[in-house]
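Peer 1: Got a structure here, written out as structure tokens. Questions coming.
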Amino acid sequence: MNYAQLFLATLPETVLEIAALLVLVIDLGFLRKAELKTRALSASLLGVLGCVVALWAQFWSLSQGVRGFGVGDSHGLLLANIDSAAAAQAGILVLTGLTLLLLIDSVFTRHVGEFVAVVLMSAAGGLLIAAAQDLLIIFLGLELLSLGLYILTAFAKQSGRSAESAIKYYLFGGMSAAFLLFGFSYLYGITGSTNLDEVMHALHRANGPSVDPLLLVSLVMVAAGLGFKVAAVPFHLWAPDTYEGAPAPGAAFIASVSKVASFALLISIGIAGSHVFDAANASSAAGYAGFRGPWTVVLTVLSLGSMLFGNLAALAQISVRRLLAYSAVAHAGYILLAFAYFRVDASAAYQSANYFRGATAVLYYTLTYGLTTIGAFGVVGVVERATGSDRMDAFLGLHKRNPLLAAVLLVLFLSLAGIPPLVGFWAKFNLFGVVLGVGAGRVPFALVALAVAMSAVSLYYYLQVLKRAFVMPTVEDSADRAKKISIHPVTMVVLLGISAAVVVMGCLPELLQGWIEGFYLKL
């Protein structure tokens, strides 16, 4: 075993774990009697510094030509440090740093050092998931991430709603882990390997005209386990309560970083399958019904349910947090549609950006959605602290009470709705274009048409919040709602930076796309 290779491949995760320990030592050992604002600022900045160093470590390991870590002469790596994995890891580190900056103005707990440490360790699990190329490592990464998310949800100890949502999240998470592990065990029994690449090759060697019933069971179980992680219908029931009960920074982390990690895992699965079934053996795989057909059907069903139910349920919400939760369900449906028709471009040269066009479109969508969601939860957290509520009426007259905050809310919600020229529009445009470019026939066209229609529906409930912020008058009989809303300067800078990035990347969409494609060119 090459331990030097293993160290370089896991260097970003190692940096985050060391940063988490340093945060605990400094907060509990040196700042225990300091004011809460001082401790929050110190812990947050140390956590952000850890993310910056981890990001530098990742780029440095890439510059050293480290592709990842593998054992023996397997077809693939156990951990990848290339392609979509590297881009997703870099995105996770950036989003984690932004989430930690929102903690500076939060007052939900005095244990800020522990909160930052849990965030960093959960982010390390997300990095592991994004790089994993083996079923066992995938499961370990998912559990490391999930255990931290359960803790973050319950961190507001004075809130009974936080504890209730954490219990629900934990119970659903344990059940989904069992489904996922059962599915992985069946895949191992069928193929004799836990490596993603070897699993796909084994399934291809077992090419036959009929579908293996045990394979169908395993695919459904894996889809159920991963569907929970991305809040896809009908495995979404935890999301509204969790988004509503978790502290605002914790909810932002769950809505962004965990989604990026989970969809990066689905990209790894899609690329591993496409290498075998679409590129290397296209002729013989064309009539193979064992993997491609069932996997496409399962993901299409999850996508349809998520797009329809997520958008329609969001129409009835009066809580902005729950609205964002059902919006997340709908966005998961859009992304799963791309995975249902996920292919590599066999006509392009392997190890090129065009070859991974589908992966690039999914990463573009997930990263921009994660960035926008962090900003949205930052605004909700500020309004909630000022008014004591996250209901839509708490946003009444926001443009008078804090014009900058209202402007940030306008940019972020319109981007989530997919209004040009903001980055959310280009994310959907690229994603739906990939589906139409890969899928032939009426079914992909009809699915994309439905997705566009549901995006139009989503505009209504986003405008309901914006109408209260800009059009409807302030409720003068409530002193909390009539007074100006103050905000910490760091939080305001972060929110303005996020909204500016959403506008700039919308006007210049090739900036982020070129950055993502740069990771493929480092192969």
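Each chain in the structure tokens gets a letter, A, B, ..., in the order shown, and its residues are numbered from 1; ligands are numbered from 1 in order too.
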Counting only C-alpha atoms, what is within 7 Å of range 248-253 of chain A, bar same-chain residues fewer than 4 positions away, as a PyMOL selection string?
Peer 2: chain A and resi 96+99+102-103+152-153+243+257-258+373-374+377-378+381
Peer 1: With the cut-off set at 12 Å and counting only C-alpha atoms, tabulate each residue of range 421-491 of chain A with an atom at most that distance from an atom of range 407-417 of chain A, showing the nearest atom pair and its distance in Å to one decimal, ordered by chain and increasing number, as JSON lines.
Peer 2:
```
{"residue": "A:Pro421", "atom": "CA", "partner": "A:Ser415", "partner_atom": "CA", "distance": 8.5}
{"residue": "A:Leu422", "atom": "CA", "partner": "A:Ser415", "partner_atom": "CA", "distance": 5.3}
{"residue": "A:Val423", "atom": "CA", "partner": "A:Ser415", "partner_atom": "CA", "distance": 6.2}
{"residue": "A:Gly424", "atom": "CA", "partner": "A:Ser415", "partner_atom": "CA", "distance": 4.5}
{"residue": "A:Phe425", "atom": "CA", "partner": "A:Ser415", "partner_atom": "CA", "distance": 6.7}
{"residue": "A:Trp426", "atom": "CA", "partner": "A:Ser415", "partner_atom": "CA", "distance": 9.5}
{"residue": "A:Ala427", "atom": "CA", "partner": "A:Ser415", "partner_atom": "CA", "distance": 9.6}
{"residue": "A:Lys428", "atom": "CA", "partner": "A:Ala417", "partner_atom": "CA", "distance": 9.7}
{"residue": "A:Ala451", "atom": "CA", "partner": "A:Ala417", "partner_atom": "CA", "distance": 11.9}
{"residue": "A:Val452", "atom": "CA", "partner": "A:Ala417", "partner_atom": "CA", "distance": 10.5}
{"residue": "A:Ala453", "atom": "CA", "partner": "A:Ala417", "partner_atom": "CA", "distance": 11.4}
{"residue": "A:Met454", "atom": "CA", "partner": "A:Ala417", "partner_atom": "CA", "distance": 9.8}
{"residue": "A:Ser455", "atom": "CA", "partner": "A:Ala417", "partner_atom": "CA", "distance": 6.4}
{"residue": "A:Ala456", "atom": "CA", "partner": "A:Ala417", "partner_atom": "CA", "distance": 7.6}
{"residue": "A:Val457", "atom": "CA", "partner": "A:Ala417", "partner_atom": "CA", "distance": 8.9}
{"residue": "A:Ser458", "atom": "CA", "partner": "A:Ala417", "partner_atom": "CA", "distance": 6.0}
{"residue": "A:Leu459", "atom": "CA", "partner": "A:Ala417", "partner_atom": "CA", "distance": 5.2}
{"residue": "A:Tyr460", "atom": "CA", "partner": "A:Ala417", "partner_atom": "CA", "distance": 8.8}
{"residue": "A:Tyr461", "atom": "CA", "partner": "A:Ala417", "partner_atom": "CA", "distance": 9.2}
{"residue": "A:Tyr462", "atom": "CA", "partner": "A:Phe413", "partner_atom": "CA", "distance": 6.0}
{"residue": "A:Leu463", "atom": "CA", "partner": "A:Phe413", "partner_atom": "CA", "distance": 8.0}
{"residue": "A:Gln464", "atom": "CA", "partner": "A:Phe413", "partner_atom": "CA", "distance": 10.5}
{"residue": "A:Val465", "atom": "CA", "partner": "A:Phe413", "partner_atom": "CA", "distance": 8.7}
{"residue": "A:Leu466", "atom": "CA", "partner": "A:Leu410", "partner_atom": "CA", "distance": 6.6}
{"residue": "A:Lys467", "atom": "CA", "partner": "A:Leu410", "partner_atom": "CA", "distance": 9.9}
{"residue": "A:Arg468", "atom": "CA", "partner": "A:Leu410", "partner_atom": "CA", "distance": 11.2}
{"residue": "A:Ala469", "atom": "CA", "partner": "A:Leu409", "partner_atom": "CA", "distance": 8.6}
{"residue": "A:Phe470", "atom": "CA", "partner": "A:Leu410", "partner_atom": "CA", "distance": 9.1}
{"residue": "A:Thr491", "atom": "CA", "partner": "A:Val408", "partner_atom": "CA", "distance": 11.8}
```
Peer 1: For the selection you just gave me, I'd like the residues written to a file as an mmCIF file, in the first residue's frame, keeping N, CA, C and O atoms.
Peer 2:
```
data_model
loop_
_atom_site.group_PDB
_atom_site.id
_atom_site.type_symbol
_atom_site.label_atom_id
_atom_site.label_comp_id
_atom_site.auth_asym_id
_atom_site.auth_seq_id
_atom_site.Cartn_x
_atom_site.Cartn_y
_atom_site.Cartn_z
ATOM 1 N N PRO A 421 -30.987 37.520 -16.545
ATOM 2 C CA PRO A 421 -29.732 36.837 -16.898
ATOM 3 C C PRO A 421 -29.005 36.263 -15.694
ATOM 4 O O PRO A 421 -27.774 36.167 -15.709
ATOM 5 N N LEU A 422 -29.724 35.935 -14.622
ATOM 6 C CA LEU A 422 -29.077 35.412 -13.424
ATOM 7 C C LEU A 422 -28.601 33.982 -13.662
ATOM 8 O O LEU A 422 -29.046 33.292 -14.583
ATOM 9 N N VAL A 423 -27.714 33.511 -12.783
ATOM 10 C CA VAL A 423 -27.031 32.246 -13.034
ATOM 11 C C VAL A 423 -27.985 31.056 -12.978
ATOM 12 O O VAL A 423 -27.745 30.026 -13.623
ATOM 13 N N GLY A 424 -29.095 31.181 -12.242
ATOM 14 C CA GLY A 424 -30.050 30.082 -12.182
ATOM 15 C C GLY A 424 -30.657 29.751 -13.533
ATOM 16 O O GLY A 424 -30.978 28.593 -13.818
ATOM 17 N N PHE A 425 -30.823 30.781 -14.379
ATOM 18 C CA PHE A 425 -31.356 30.540 -15.721
ATOM 19 C C PHE A 425 -30.394 29.695 -16.539
ATOM 20 O O PHE A 425 -30.789 28.724 -17.187
ATOM 21 N N TRP A 426 -29.106 30.053 -16.525
ATOM 22 C CA TRP A 426 -28.136 29.314 -17.324
ATOM 23 C C TRP A 426 -27.924 27.904 -16.791
ATOM 24 O O TRP A 426 -27.652 26.977 -17.557
ATOM 25 N N ALA A 427 -28.056 27.739 -15.480
ATOM 26 C CA ALA A 427 -27.927 26.393 -14.914
ATOM 27 C C ALA A 427 -29.022 25.477 -15.459
ATOM 28 O O ALA A 427 -28.750 24.341 -15.880
ATOM 29 N N LYS A 428 -30.266 25.977 -15.470
ATOM 30 C CA LYS A 428 -31.361 25.167 -16.010
ATOM 31 C C LYS A 428 -31.230 24.998 -17.521
ATOM 32 O O LYS A 428 -31.507 23.909 -18.057
ATOM 33 N N ALA A 451 -40.568 20.080 -16.900
ATOM 34 C CA ALA A 451 -39.640 20.774 -16.008
ATOM 35 C C ALA A 451 -39.719 22.283 -16.208
ATOM 36 O O ALA A 451 -39.699 23.057 -15.232
ATOM 37 N N VAL A 452 -39.816 22.732 -17.450
ATOM 38 C CA VAL A 452 -39.941 24.162 -17.725
ATOM 39 C C VAL A 452 -41.251 24.704 -17.158
ATOM 40 O O VAL A 452 -41.299 25.802 -16.583
ATOM 41 N N ALA A 453 -42.330 23.931 -17.319
ATOM 42 C CA ALA A 453 -43.617 24.360 -16.773
ATOM 43 C C ALA A 453 -43.572 24.464 -15.248
ATOM 44 O O ALA A 453 -44.110 25.413 -14.658
ATOM 45 N N MET A 454 -42.922 23.495 -14.606
ATOM 46 C CA MET A 454 -42.808 23.546 -13.154
ATOM 47 C C MET A 454 -41.924 24.703 -12.704
ATOM 48 O O MET A 454 -42.124 25.274 -11.626
ATOM 49 N N SER A 455 -40.935 25.061 -13.509
ATOM 50 C CA SER A 455 -40.126 26.239 -13.190
ATOM 51 C C SER A 455 -40.974 27.503 -13.224
ATOM 52 O O SER A 455 -40.780 28.420 -12.415
ATOM 53 N N ALA A 456 -41.927 27.552 -14.169
ATOM 54 C CA ALA A 456 -42.851 28.684 -14.215
ATOM 55 C C ALA A 456 -43.739 28.717 -12.977
ATOM 56 O O ALA A 456 -44.033 29.789 -12.430
ATOM 57 N N VAL A 457 -44.148 27.543 -12.515
ATOM 58 C CA VAL A 457 -44.946 27.471 -11.292
ATOM 59 C C VAL A 457 -44.140 27.981 -10.100
ATOM 60 O O VAL A 457 -44.655 28.685 -9.220
ATOM 61 N N SER A 458 -42.842 27.624 -10.057
ATOM 62 C CA SER A 458 -42.009 28.034 -8.930
ATOM 63 C C SER A 458 -41.892 29.554 -8.842
ATOM 64 O O SER A 458 -41.726 30.104 -7.747
ATOM 65 N N LEU A 459 -41.981 30.235 -9.967
ATOM 66 C CA LEU A 459 -41.884 31.692 -9.949
ATOM 67 C C LEU A 459 -42.985 32.303 -9.080
ATOM 68 O O LEU A 459 -42.772 33.328 -8.424
ATOM 69 N N TYR A 460 -44.155 31.671 -9.037
ATOM 70 C CA TYR A 460 -45.276 32.210 -8.270
ATOM 71 C C TYR A 460 -44.948 32.263 -6.781
ATOM 72 O O TYR A 460 -45.147 33.301 -6.128
ATOM 73 N N TYR A 461 -44.444 31.144 -6.219
ATOM 74 C CA TYR A 461 -44.235 31.181 -4.769
ATOM 75 C C TYR A 461 -42.988 31.986 -4.389
ATOM 76 O O TYR A 461 -42.916 32.521 -3.280
ATOM 77 N N TYR A 462 -42.027 32.106 -5.278
ATOM 78 C CA TYR A 462 -40.915 33.016 -4.984
ATOM 79 C C TYR A 462 -41.407 34.472 -4.996
ATOM 80 O O TYR A 462 -40.990 35.289 -4.157
ATOM 81 N N LEU A 463 -42.300 34.792 -5.943
ATOM 82 C CA LEU A 463 -42.825 36.157 -6.016
ATOM 83 C C LEU A 463 -43.720 36.492 -4.832
ATOM 84 O O LEU A 463 -43.886 37.668 -4.493
ATOM 85 N N GLN A 464 -44.312 35.478 -4.196
ATOM 86 C CA GLN A 464 -45.117 35.737 -3.007
ATOM 87 C C GLN A 464 -44.268 36.345 -1.895
ATOM 88 O O GLN A 464 -44.721 37.244 -1.168
ATOM 89 N N VAL A 465 -43.043 35.853 -1.750
ATOM 90 C CA VAL A 465 -42.133 36.418 -0.749
ATOM 91 C C VAL A 465 -41.667 37.800 -1.187
ATOM 92 O O VAL A 465 -41.643 38.752 -0.381
ATOM 93 N N LEU A 466 -41.314 37.941 -2.454
ATOM 94 C CA LEU A 466 -40.827 39.232 -2.945
ATOM 95 C C LEU A 466 -41.926 40.292 -2.923
ATOM 96 O O LEU A 466 -41.639 41.482 -2.718
ATOM 97 N N LYS A 467 -43.165 39.878 -3.133
ATOM 98 C CA LYS A 467 -44.274 40.843 -3.077
ATOM 99 C C LYS A 467 -44.374 41.441 -1.685
ATOM 100 O O LYS A 467 -44.598 42.667 -1.536
ATOM 101 N N ARG A 468 -44.191 40.625 -0.675
ATOM 102 C CA ARG A 468 -44.249 41.140 0.694
ATOM 103 C C ARG A 468 -43.044 42.011 1.011
ATOM 104 O O ARG A 468 -43.146 42.950 1.810
ATOM 105 N N ALA A 469 -41.932 41.706 0.410
ATOM 106 C CA ALA A 469 -40.725 42.484 0.689
ATOM 107 C C ALA A 469 -40.729 43.840 0.001
ATOM 108 O O ALA A 469 -40.173 44.806 0.534
ATOM 109 N N PHE A 470 -41.392 43.945 -1.175
ATOM 110 C CA PHE A 470 -41.275 45.165 -1.973
ATOM 111 C C PHE A 470 -42.603 45.887 -2.204
ATOM 112 O O PHE A 470 -42.600 47.109 -2.423
ATOM 113 N N THR A 491 -21.696 39.603 7.809
ATOM 114 C CA THR A 491 -22.813 38.906 7.182
ATOM 115 C C THR A 491 -23.312 39.658 5.957
ATOM 116 O O THR A 491 -23.607 39.062 4.914
#
```
Peer 1: Pick out the residues sitting within 9 Å of Lys37 in chain A, and hand them over as an MDAnalysis selection string; count only C-alpha atoms, and ignore anything fewer than 4 positions along from it in its own chain.
Peer 2: chainID A and resid 41:42 104:107
